[in-house]
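*Asks:* File model-v4.txt below, compact mmCIF, C-alpha atoms and all ligand atoms:
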```txt
# COMPACT_ATOMS: atom_id res chain seq x y z
CA MET A 835 -84.65 -49.01 11.61
CA SER A 836 -83.21 -50.24 14.88
CA TYR A 837 -82.01 -47.81 17.53
CA LEU A 838 -78.65 -49.44 18.18
CA GLN A 839 -77.17 -51.52 15.39
CA LEU A 840 -74.04 -53.67 15.65
CA SER A 841 -72.77 -54.89 12.28
CA GLY A 842 -69.89 -57.35 11.99
CA VAL A 843 -68.27 -56.09 15.20
CA GLU A 844 -64.76 -57.46 15.75
CA LYS A 845 -62.20 -57.14 18.52
CA LEU A 846 -58.72 -58.59 18.78
CA PHE A 847 -56.37 -58.57 21.75
CA GLY A 848 -53.05 -59.33 20.09
CA GLU A 849 -53.61 -62.55 18.15
CA HIS A 850 -56.69 -63.42 20.15
CA ARG A 851 -59.97 -62.75 18.31
CA VAL A 852 -62.23 -62.03 21.25
CA ILE A 853 -65.32 -60.67 19.43
CA LYS A 854 -66.07 -62.43 16.16
CA GLY A 855 -68.34 -60.53 13.80
CA ILE A 856 -71.31 -59.71 16.02
CA ASP A 857 -74.52 -58.56 14.29
CA LEU A 858 -77.27 -57.33 16.58
CA ALA A 859 -80.19 -54.90 16.26
CA ILE A 860 -81.60 -53.35 19.43
CA GLN A 861 -84.87 -51.39 19.48
CA GLN A 862 -85.46 -48.19 21.42
CA GLY A 863 -86.65 -48.96 24.95
CA GLU A 864 -85.57 -52.59 24.82
CA PHE A 865 -83.93 -54.33 27.79
CA VAL A 866 -81.34 -56.64 26.28
CA VAL A 867 -79.25 -58.97 28.42
CA PHE A 868 -75.90 -60.46 27.35
CA VAL A 869 -75.22 -63.80 29.02
CA GLY A 870 -72.54 -66.41 28.62
CA PRO A 871 -69.73 -68.07 30.53
CA SER A 872 -66.82 -66.17 31.98
CA GLY A 873 -64.38 -65.02 29.30
CA CYS A 874 -66.86 -65.27 26.38
CA GLY A 875 -66.56 -61.54 25.63
CA LYS A 876 -69.56 -59.95 27.38
CA SER A 877 -67.61 -57.09 28.98
CA THR A 878 -65.55 -56.50 25.86
CA LEU A 879 -68.66 -56.22 23.71
CA LEU A 880 -70.22 -53.77 26.18
CA ARG A 881 -67.00 -51.74 26.31
CA LEU A 882 -66.93 -51.60 22.50
CA ILE A 883 -70.45 -50.18 22.53
CA ALA A 884 -69.42 -47.71 25.25
CA GLY A 885 -66.34 -46.65 23.29
CA LEU A 886 -63.99 -47.81 26.04
CA GLU A 887 -62.27 -50.19 23.61
CA THR A 888 -61.39 -49.43 20.00
CA ILE A 889 -63.18 -51.53 17.41
CA ASP A 890 -61.13 -53.66 14.97
CA GLY A 891 -63.86 -54.34 12.42
CA GLY A 892 -67.51 -53.68 11.67
CA SER A 893 -69.61 -50.71 12.71
CA LEU A 894 -71.93 -49.28 15.36
CA GLN A 895 -74.94 -47.06 14.69
CA LEU A 896 -76.89 -45.28 17.43
CA ASP A 897 -80.09 -43.36 16.74
CA GLY A 898 -79.26 -42.99 13.06
CA ARG A 899 -75.64 -41.92 13.55
CA ASP A 900 -72.40 -43.82 12.97
CA ILE A 901 -70.61 -43.94 16.34
CA THR A 902 -68.03 -46.58 15.38
CA HIS A 903 -65.06 -44.29 15.96
CA GLN A 904 -66.67 -41.66 18.14
CA PRO A 905 -65.00 -41.02 21.52
CA SER A 906 -66.83 -42.44 24.52
CA SER A 907 -67.72 -39.00 25.90
CA LYS A 908 -69.66 -38.15 22.71
CA ARG A 909 -71.76 -41.31 22.56
CA ASP A 910 -74.47 -40.34 25.03
CA LEU A 911 -74.34 -43.67 26.85
CA ALA A 912 -73.96 -44.24 30.58
CA MET A 913 -72.18 -47.28 31.98
CA VAL A 914 -72.66 -48.75 35.45
CA PHE A 915 -69.84 -51.05 36.53
CA GLN A 916 -69.78 -53.85 39.05
CA SER A 917 -67.36 -51.97 41.27
CA TYR A 918 -69.24 -48.77 41.96
CA ALA A 919 -66.46 -46.18 41.87
CA LEU A 920 -68.05 -43.40 43.91
CA TYR A 921 -66.09 -40.36 45.09
CA PRO A 922 -65.54 -41.18 48.79
CA HIS A 923 -65.19 -37.58 50.01
CA MET A 924 -68.36 -36.37 48.29
CA SER A 925 -71.95 -36.67 49.48
CA VAL A 926 -74.48 -38.77 47.60
CA PHE A 927 -75.92 -35.57 46.15
CA GLU A 928 -72.48 -34.44 44.95
CA ASN A 929 -71.70 -37.87 43.52
CA MET A 930 -74.94 -37.90 41.58
CA SER A 931 -74.61 -34.32 40.34
CA PHE A 932 -70.91 -34.38 39.45
CA ALA A 933 -71.25 -34.96 35.69
CA LEU A 934 -73.97 -32.31 35.38
CA LYS A 935 -71.86 -29.81 37.31
CA LEU A 936 -68.93 -30.45 34.97
CA ALA A 937 -71.28 -29.78 32.07
CA HIS A 938 -72.25 -26.42 33.69
CA VAL A 939 -75.91 -27.37 34.05
CA ASP A 940 -77.94 -24.82 36.03
CA PRO A 941 -77.91 -25.68 39.80
CA ALA A 942 -81.72 -25.62 40.08
CA ILE A 943 -82.01 -28.08 37.19
CA ILE A 944 -79.30 -30.26 38.75
CA LYS A 945 -81.22 -30.35 42.02
CA ASP A 946 -84.43 -31.29 40.23
CA LYS A 947 -82.75 -34.12 38.28
CA VAL A 948 -80.98 -35.51 41.35
CA ASP A 949 -84.19 -35.34 43.42
CA ARG A 950 -86.10 -37.27 40.75
CA ALA A 951 -83.39 -39.93 40.46
CA ALA A 952 -83.15 -40.20 44.26
CA ASN A 953 -86.90 -40.66 44.44
CA ILE A 954 -86.87 -43.49 41.89
CA LEU A 955 -83.99 -45.18 43.72
CA ASN A 956 -85.23 -44.66 47.30
CA LEU A 957 -82.24 -42.47 48.13
CA THR A 958 -84.08 -39.30 49.11
CA ASN A 959 -83.10 -39.58 52.77
CA TYR A 960 -79.45 -40.34 52.01
CA LEU A 961 -78.44 -37.41 49.80
CA GLN A 962 -76.23 -35.77 52.43
CA ARG A 963 -74.40 -38.94 53.44
CA THR A 964 -71.02 -39.98 52.14
CA PRO A 965 -70.53 -43.39 50.47
CA LYS A 966 -68.97 -44.96 53.58
CA GLU A 967 -72.19 -44.25 55.48
CA LEU A 968 -74.18 -46.37 53.00
CA SER A 969 -74.80 -50.09 52.55
CA GLY A 970 -73.44 -51.88 49.46
CA GLY A 971 -76.88 -51.87 47.87
CA GLN A 972 -77.33 -48.16 48.48
CA ARG A 973 -73.92 -47.43 46.98
CA GLN A 974 -74.81 -49.38 43.89
CA ARG A 975 -78.04 -47.37 43.64
CA VAL A 976 -76.02 -44.13 43.81
CA ALA A 977 -73.91 -45.42 40.91
CA ILE A 978 -77.13 -46.08 38.98
CA GLY A 979 -78.37 -42.61 40.02
CA ARG A 980 -75.30 -41.01 38.51
CA ALA A 981 -76.22 -42.64 35.21
CA ILE A 982 -79.91 -41.67 35.44
CA VAL A 983 -79.33 -37.93 35.94
CA ARG A 984 -77.47 -37.80 32.64
CA ALA A 985 -80.55 -39.17 30.83
CA PRO A 986 -78.40 -41.12 28.38
CA LYS A 987 -79.70 -42.70 25.18
CA VAL A 988 -78.58 -46.11 26.40
CA PHE A 989 -77.79 -47.57 29.83
CA LEU A 990 -74.98 -50.13 29.92
CA PHE A 991 -74.66 -52.36 32.99
CA ASP A 992 -71.74 -54.73 33.53
CA GLU A 993 -72.67 -57.25 36.24
CA PRO A 994 -73.91 -54.47 38.53
CA LEU A 995 -75.10 -56.85 41.23
CA SER A 996 -72.18 -59.24 41.49
CA ASN A 997 -70.67 -57.57 44.57
CA LEU A 998 -73.92 -57.74 46.53
CA ASP A 999 -75.11 -60.54 48.79
CA ALA A 1000 -78.01 -62.72 47.61
CA ALA A 1001 -80.79 -60.81 49.38
CA LEU A 1002 -79.61 -57.40 48.18
CA ARG A 1003 -79.05 -58.80 44.71
CA GLY A 1004 -82.70 -59.83 44.51
CA GLN A 1005 -83.91 -56.49 45.83
CA THR A 1006 -81.68 -54.42 43.55
CA ARG A 1007 -82.68 -56.56 40.57
CA ILE A 1008 -86.31 -55.67 41.25
CA GLU A 1009 -85.33 -52.00 41.45
CA ILE A 1010 -83.53 -52.16 38.11
CA ALA A 1011 -86.63 -53.72 36.55
CA LYS A 1012 -88.76 -50.94 38.06
CA LEU A 1013 -86.33 -48.32 36.83
CA HIS A 1014 -86.67 -49.67 33.32
CA ARG A 1015 -90.46 -49.63 33.56
CA ASP A 1016 -90.40 -46.02 34.84
CA LEU A 1017 -87.87 -44.57 32.41
CA GLY A 1018 -88.35 -46.88 29.43
CA ALA A 1019 -84.69 -46.38 28.55
CA THR A 1020 -82.83 -48.65 26.18
CA THR A 1021 -80.69 -50.90 28.36
CA ILE A 1022 -77.95 -53.47 27.79
CA TYR A 1023 -77.22 -55.55 30.84
CA VAL A 1024 -74.36 -58.02 31.17
CA THR A 1025 -74.55 -60.91 33.60
CA HIS A 1026 -73.43 -64.49 33.97
CA ASP A 1027 -76.50 -65.15 36.12
CA GLN A 1028 -79.27 -66.97 34.25
CA VAL A 1029 -81.95 -65.91 36.74
CA GLU A 1030 -81.10 -62.24 36.27
CA ALA A 1031 -81.13 -62.70 32.52
CA MET A 1032 -84.45 -64.52 32.39
CA THR A 1033 -86.25 -62.15 34.78
CA LEU A 1034 -84.99 -58.80 33.45
CA ALA A 1035 -84.70 -59.25 29.70
CA ASP A 1036 -87.01 -58.41 26.84
CA ARG A 1037 -84.44 -60.35 24.80
CA VAL A 1038 -81.45 -62.41 25.83
CA VAL A 1039 -78.27 -62.66 23.75
CA VAL A 1040 -76.36 -65.88 24.53
CA LEU A 1041 -72.66 -65.45 23.81
CA ARG A 1042 -70.02 -68.13 23.54
CA ASP A 1043 -66.40 -67.60 22.68
CA GLY A 1044 -66.98 -64.20 21.02
CA SER A 1045 -69.99 -65.24 18.92
CA ILE A 1046 -73.76 -65.17 19.35
CA GLU A 1047 -75.28 -68.62 19.88
CA GLN A 1048 -78.87 -67.42 20.07
CA VAL A 1049 -80.98 -64.28 20.51
CA GLY A 1050 -84.53 -64.50 21.78
CA THR A 1051 -87.06 -63.71 24.46
CA PRO A 1052 -86.54 -65.62 27.71
CA LEU A 1053 -89.49 -67.84 26.77
CA GLU A 1054 -88.12 -68.57 23.30
CA LEU A 1055 -84.75 -69.58 24.74
CA TYR A 1056 -86.38 -71.71 27.36
CA ASP A 1057 -88.84 -73.41 25.01
CA ARG A 1058 -86.68 -73.64 21.91
CA PRO A 1059 -82.97 -73.49 22.73
CA ALA A 1060 -81.00 -73.46 19.46
CA ASN A 1061 -78.52 -76.06 20.67
CA GLN A 1062 -77.18 -78.02 23.61
CA PHE A 1063 -74.98 -75.15 24.77
CA VAL A 1064 -77.92 -72.74 25.07
CA ALA A 1065 -80.08 -75.42 26.69
CA GLN A 1066 -77.44 -76.13 29.30
CA PHE A 1067 -76.68 -72.51 29.89
CA ILE A 1068 -80.32 -71.54 30.31
CA GLY A 1069 -80.89 -74.62 32.39
CA THR A 1070 -83.46 -76.30 30.18
CA PRO A 1071 -83.61 -80.09 30.53
CA GLN A 1072 -82.98 -81.83 27.17
P1 LIG B 1101 -66.50 -61.78 30.05
O1 LIG B 1101 -66.89 -60.40 30.43
O2 LIG B 1101 -67.54 -62.51 29.25
O3 LIG B 1101 -66.07 -62.61 31.22
P2 LIG B 1101 -64.29 -60.46 28.72
O4 LIG B 1101 -64.93 -59.62 27.68
O5 LIG B 1101 -63.81 -59.80 29.96
O6 LIG B 1101 -65.24 -61.70 29.07
O7 LIG B 1101 -63.04 -61.20 28.08
C1 LIG B 1101 -63.10 -61.89 26.83
C2 LIG B 1101 -61.74 -62.41 26.48
O8 LIG B 1101 -60.88 -61.31 26.20
C3 LIG B 1101 -61.06 -63.19 27.60
O9 LIG B 1101 -60.32 -64.22 26.99
C4 LIG B 1101 -60.14 -62.18 28.23
O10 LIG B 1101 -59.03 -62.80 28.81
C5 LIG B 1101 -59.74 -61.32 27.05
N1 LIG B 1101 -59.46 -59.92 27.42
C6 LIG B 1101 -60.33 -59.05 27.97
N2 LIG B 1101 -59.77 -57.83 28.14
C7 LIG B 1101 -58.49 -57.94 27.69
C8 LIG B 1101 -57.38 -57.03 27.59
N3 LIG B 1101 -57.50 -55.76 27.97
N4 LIG B 1101 -56.24 -57.50 27.06
C9 LIG B 1101 -56.14 -58.79 26.63
N5 LIG B 1101 -57.13 -59.69 26.70
C10 LIG B 1101 -58.30 -59.29 27.22
MG MG B 1102 -67.04 -59.44 32.31
```
What do you get writing this file as structure tokens?
Ligand code: ADP
Ligand code: MG

*Replies:*
Amino acid sequence: MSYLQLSGVEKLFGEHRVIKGIDLAIQQGEFVVFVGPSGCGKSTLLRLIAGLETIDGGSLQLDGRDITHQPSSKRDLAMVFQSYALYPHMSVFENMSFALKLAHVDPAIIKDKVDRAANILNLTNYLQRTPKELSGGQRQRVAIGRAIVRAPKVFLFDEPLSNLDAALRGQTRIEIAKLHRDLGATTIYVTHDQVEAMTLADRVVVLRDGSIEQVGTPLELYDRPANQFVAQFIGTPQ
């Protein structure tokens, strides 16, 4: 059985059917990328998985449990947004440990978890700084660090690199790939950037107007695009 299963997932905003019966099976440890043009429903689909939007039809299963109507806080998922909302008055260490502190985790365990995450993300020397003393790329890594320390079942990323300049985007993309290799965590990553999709993904899900056009490995999409839309979006000559 798959680790995360979407079955007939639907979302309406008023009259507008934004997500149209999405079926998708994701395996444990997979890195799945949602791509598609602006407005096709990528963020909405991710937010439905995260429990940040209520679902209007269909169901979600995670690790053998029905989470369709479970509150976000109970789903054991961690989301990293494009605008990294760090607490400005707190140090990097405090930002990364905040959720664990709220959960009354033992301080020694907190320190260990934060140190490990900081090590993976090259933030060890920045733990006492505040966000305004960091570069954009470092701030985004702190946001990722906050997700890592919670050791969620699934990482959800919504265009995490879109506020970074091209050089930092490339560098942070490599770090996200490394993170996935190190932790082996199930990851869903939203982007409208084909290069990000093709370099990071085990499988790419091409969305268009609330529906799936094609699901496949980067190579499958490149070699055998299902239709003209996928071919153009992936950038394959036809
Ligand atoms: P993407 O992330 O692919 O750019 P979104 O999921 O943000 O697309 O949006 C999909 C569609 O849903 C768009 O037409 C958008 O205008 C609409 N939409 C998104 N959020 C809301 C909302 N809270 N209320 C009404 N419409 C929304
Ligand atoms: Mg979006």

*Asks:* Nearest to A:Phe915 among A:Ser836, A:Ser877, A:Thr1051, A:Gln1062, with distances taken over all atoms listed in the file: which residue is it?

*Replies:*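 Nearest to A:Phe915: A:Ser877.
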
*Asks:* So, with only C-alpha atoms and all ligand atoms as the atoms that count, which of A:Thr878, A:Gln972, A:Ser893, A:Asn959 lies closest to ligand MG 1102 (chain B)?

*Replies:*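 For ligand MG 1102 (chain B), the nearest of the given residues is A:Thr878.
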
*Asks:* Neighbours of A:Gly1050 within 6 Å (only C-alpha atoms; same-chain residues fewer than 3 positions away dropped), as a ChimeraX atom specification?

*Replies:* /A:1037-1038,1054-1055

*Asks:* Create the file for the chosen residues now, containing C-alpha atoms and written as a compact mmCIF listing (two decimals), in the frame of the given file.

*Replies:*
```txt
# COMPACT_ATOMS: atom_id res chain seq x y z
CA ARG A 1037 -84.44 -60.35 24.80
CA VAL A 1038 -81.45 -62.41 25.83
CA GLU A 1054 -88.12 -68.57 23.30
CA LEU A 1055 -84.75 -69.58 24.74
```

*Asks:* Hey, which residues come within 9 Å of ligand MG 1102 (chain B) if we count only C-alpha atoms and all ligand atoms? Could you give them as a list in words?

*Replies:* Ser872, Gly873, Cys874, Gly875, Lys876, Ser877, Thr878, Leu880, Asp992, Glu993, Val1024, Thr1025 and His1026 of chain A

*Asks:* Using all atoms listed in the file, determine which residues lie at most 8 Å from A:Thr888, disregarding the query and same-chain residues fewer than 5 positions distant; provide the list as a list in words.

*Replies:*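 The residues that qualify are Lys845, Leu882 and His903 of chain A.
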
*Asks:* Report, in Å to a single decimal, how far apart atom CA of A:Arg881 and atom CA of A:Lys908 are.

*Replies:*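 Atom CA of A:Lys908 sits 14.3 Å away from atom CA of A:Arg881.
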
*Asks:* Excluding stretch 941-955 of chain A and its own-chain neighbours fewer than 3 positions away, which residues fall within 9 Å of it when counting only C-alpha atoms? Please give them as a PyMOL selection string.

*Replies:* chain A and resi 927+930-931+934-935+938+958-961+972+975-976+978-980+982-984+1009-1010+1012-1013+1016

*Asks:* Might you pull out every residue within 7 Å of A:Gln1048, with all atoms listed in the file counted and same-chain residues fewer than 2 positions away left off, and present them as a PyMOL selection string?

*Replies:* chain A and resi 1039-1040+1046+1050+1060

*Asks:* Enclose stretch 962-970 of chain A, meaning all of its atoms listed in the file, in a box aligned along x, y and z, pad it by 5 Å on each side, and list the centre and edge lengths in Å to one decimal, as AutoDock Vina command-line options.

*Replies:*
```
--center_x -72.6 --center_y -43.8 --center_z 52.5 --size_x 17.3 --size_y 26.1 --size_z 16.0
```

*Asks:* Between atom CA of A:Gln862 and atom CA of A:Asp1057, what is the distance, to one decimal in Å?

*Replies:*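 For atom CA of A:Gln862 relative to atom CA of A:Asp1057, the distance reads 25.7 Å.
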
*Asks:* Give me, please, the distance in Å between atom CA of A:Arg1003 and atom CA of A:Leu911, quoted to one decimal.

*Replies:*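 Between atom CA of A:Arg1003 and atom CA of A:Leu911 the gap works out to 23.9 Å.
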
*Asks:* From the set A:Pro1059, A:Gly970, A:Gly870, A:Gly885, which residue has the shortest atom-to-atom contact distance to A:Leu1041, counting all atoms listed in the file?

*Replies:* A:Gly870

*Asks:* Calculated over all atoms listed in the file, which of the candidates A:Tyr1056, A:Phe868, A:Phe1063, A:Phe932 has the smallest distance to ligand LIG 1101 (chain B)?

*Replies:*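 Using all atoms listed in the file, ligand LIG 1101 (chain B) sits closest to A:Phe868.
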
*Asks:* Choose the residue, out of A:Glu887, A:Glu1047, A:Glu928, A:Glu844, that has the smallest atom-to-atom separation from ligand LIG 1101 (chain B); count all atoms listed in the file.

*Replies:* A:Glu887

*Asks:* Which one of A:Glu864, A:Asp1036, A:Asp1027, A:Asp999 sits closest to ligand LIG 1101 (chain B) if you count all atoms listed in the file?

*Replies:* A:Asp1027

*Asks:* Excluding same-chain residues fewer than 2 positions from A:Asp910, what lies within 10 Å of it counting all atoms listed in the file, as a list in words?

*Replies:* Ala884, Leu896, Ser906, Ser907, Lys908, Ala912, Arg984, Ala985, Pro986, Lys987, Val988 and Phe989 of chain A

*Asks:* Keeping only C-alpha atoms, take the residues you just selected and write them out as a PDB file, in the frame of the given file.

*Replies:*
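Output (result_9.pdb):
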```
ATOM      1  CA  ALA A 884     -69.420 -47.710  25.250  1.00  0.00           C
ATOM      2  CA  LEU A 896     -76.890 -45.280  17.430  1.00  0.00           C
ATOM      3  CA  SER A 906     -66.830 -42.440  24.520  1.00  0.00           C
ATOM      4  CA  SER A 907     -67.720 -39.000  25.900  1.00  0.00           C
ATOM      5  CA  LYS A 908     -69.660 -38.150  22.710  1.00  0.00           C
ATOM      6  CA  ALA A 912     -73.960 -44.240  30.580  1.00  0.00           C
ATOM      7  CA  ARG A 984     -77.470 -37.800  32.640  1.00  0.00           C
ATOM      8  CA  ALA A 985     -80.550 -39.170  30.830  1.00  0.00           C
ATOM      9  CA  PRO A 986     -78.400 -41.120  28.380  1.00  0.00           C
ATOM     10  CA  LYS A 987     -79.700 -42.700  25.180  1.00  0.00           C
ATOM     11  CA  VAL A 988     -78.580 -46.110  26.400  1.00  0.00           C
ATOM     12  CA  PHE A 989     -77.790 -47.570  29.830  1.00  0.00           C
TER      13      PHE A 989
END
```

*Asks:* Do you know which residues lie at most 8 Å from (-79.0, -51.0, 27.0), with coordinates as in the file and all atoms listed in the file counted, and could you write them as a ChimeraX atom specification?

*Replies:* /A:864-866,988-991,1019-1023

*Asks:* For stretch 1032-1062 of chain A, where the input has fewer atoms than it should, I would like N, CA and C atoms rebuilt and written as a CSV table (one decimal), in the coordinates of the input.

*Replies:*
```csv
chain,number,residue,atom,x,y,z
A,1032,MET,N,-83.1,-64.1,32.7
A,1032,MET,CA,-84.4,-64.5,32.4
A,1032,MET,C,-85.5,-63.6,33.0
A,1033,THR,N,-85.2,-63.0,34.2
A,1033,THR,CA,-86.2,-62.2,34.8
A,1033,THR,C,-86.2,-60.7,34.3
A,1034,LEU,N,-85.1,-60.2,33.8
A,1034,LEU,CA,-85.0,-58.8,33.4
A,1034,LEU,C,-85.2,-58.6,32.0
A,1035,ALA,N,-84.9,-59.5,31.1
A,1035,ALA,CA,-84.7,-59.2,29.7
A,1035,ALA,C,-86.0,-59.2,28.9
A,1036,ASP,N,-86.1,-58.3,28.0
A,1036,ASP,CA,-87.0,-58.4,26.8
A,1036,ASP,C,-86.4,-59.5,25.9
A,1037,ARG,N,-85.1,-59.3,25.6
A,1037,ARG,CA,-84.4,-60.4,24.8
A,1037,ARG,C,-83.1,-60.7,25.4
A,1038,VAL,N,-82.7,-61.9,25.3
A,1038,VAL,CA,-81.4,-62.4,25.8
A,1038,VAL,C,-80.5,-62.7,24.6
A,1039,VAL,N,-79.3,-62.3,24.7
A,1039,VAL,CA,-78.3,-62.7,23.8
A,1039,VAL,C,-77.3,-63.6,24.4
A,1040,VAL,N,-77.3,-64.9,23.9
A,1040,VAL,CA,-76.4,-65.9,24.5
A,1040,VAL,C,-75.1,-65.9,23.8
A,1041,LEU,N,-74.0,-65.5,24.4
A,1041,LEU,CA,-72.7,-65.4,23.8
A,1041,LEU,C,-71.8,-66.7,24.2
A,1042,ARG,N,-71.0,-67.1,23.3
A,1042,ARG,CA,-70.0,-68.1,23.5
A,1042,ARG,C,-68.8,-67.9,22.7
A,1043,ASP,N,-67.7,-67.7,23.4
A,1043,ASP,CA,-66.4,-67.6,22.7
A,1043,ASP,C,-66.4,-66.5,21.6
A,1044,GLY,N,-67.0,-65.3,21.9
A,1044,GLY,CA,-67.0,-64.2,21.0
A,1044,GLY,C,-68.0,-64.2,19.9
A,1045,SER,N,-68.9,-65.2,19.9
A,1045,SER,CA,-70.0,-65.2,18.9
A,1045,SER,C,-71.4,-65.4,19.6
A,1046,ILE,N,-72.4,-65.0,18.8
A,1046,ILE,CA,-73.8,-65.2,19.4
A,1046,ILE,C,-74.2,-66.6,19.0
A,1047,GLU,N,-74.7,-67.3,20.1
A,1047,GLU,CA,-75.3,-68.6,19.9
A,1047,GLU,C,-76.8,-68.5,19.6
A,1048,GLN,N,-77.4,-67.6,20.3
A,1048,GLN,CA,-78.9,-67.4,20.1
A,1048,GLN,C,-79.3,-66.1,20.6
A,1049,VAL,N,-80.3,-65.5,20.0
A,1049,VAL,CA,-81.0,-64.3,20.5
A,1049,VAL,C,-82.5,-64.6,20.6
A,1050,GLY,N,-83.1,-64.3,21.7
A,1050,GLY,CA,-84.5,-64.5,21.8
A,1050,GLY,C,-85.1,-64.0,23.1
A,1051,THR,N,-86.4,-64.0,23.2
A,1051,THR,CA,-87.1,-63.7,24.5
A,1051,THR,C,-86.7,-64.8,25.4
A,1052,PRO,N,-86.8,-64.6,26.7
A,1052,PRO,CA,-86.5,-65.6,27.7
A,1052,PRO,C,-87.4,-66.9,27.4
A,1053,LEU,N,-88.6,-66.7,27.0
A,1053,LEU,CA,-89.5,-67.8,26.8
A,1053,LEU,C,-89.0,-68.6,25.6
A,1054,GLU,N,-88.6,-67.9,24.5
A,1054,GLU,CA,-88.1,-68.6,23.3
A,1054,GLU,C,-86.9,-69.4,23.6
A,1055,LEU,N,-86.0,-68.8,24.4
A,1055,LEU,CA,-84.8,-69.6,24.7
A,1055,LEU,C,-85.1,-70.8,25.6
A,1056,TYR,N,-86.0,-70.6,26.5
A,1056,TYR,CA,-86.4,-71.7,27.4
A,1056,TYR,C,-87.1,-72.8,26.6
A,1057,ASP,N,-88.0,-72.4,25.7
A,1057,ASP,CA,-88.8,-73.4,25.0
A,1057,ASP,C,-88.1,-74.0,23.8
A,1058,ARG,N,-87.3,-73.2,23.1
A,1058,ARG,CA,-86.7,-73.6,21.9
A,1058,ARG,C,-85.2,-73.3,21.9
A,1059,PRO,N,-84.4,-73.8,22.8
A,1059,PRO,CA,-83.0,-73.5,22.7
A,1059,PRO,C,-82.4,-74.0,21.4
A,1060,ALA,N,-81.5,-73.1,20.8
A,1060,ALA,CA,-81.0,-73.5,19.5
A,1060,ALA,C,-80.1,-74.7,19.5
A,1061,ASN,N,-79.5,-74.9,20.6
A,1061,ASN,CA,-78.5,-76.1,20.7
A,1061,ASN,C,-78.3,-76.5,22.1
A,1062,GLN,N,-77.5,-77.5,22.3
A,1062,GLN,CA,-77.2,-78.0,23.6
A,1062,GLN,C,-76.5,-77.0,24.5
```
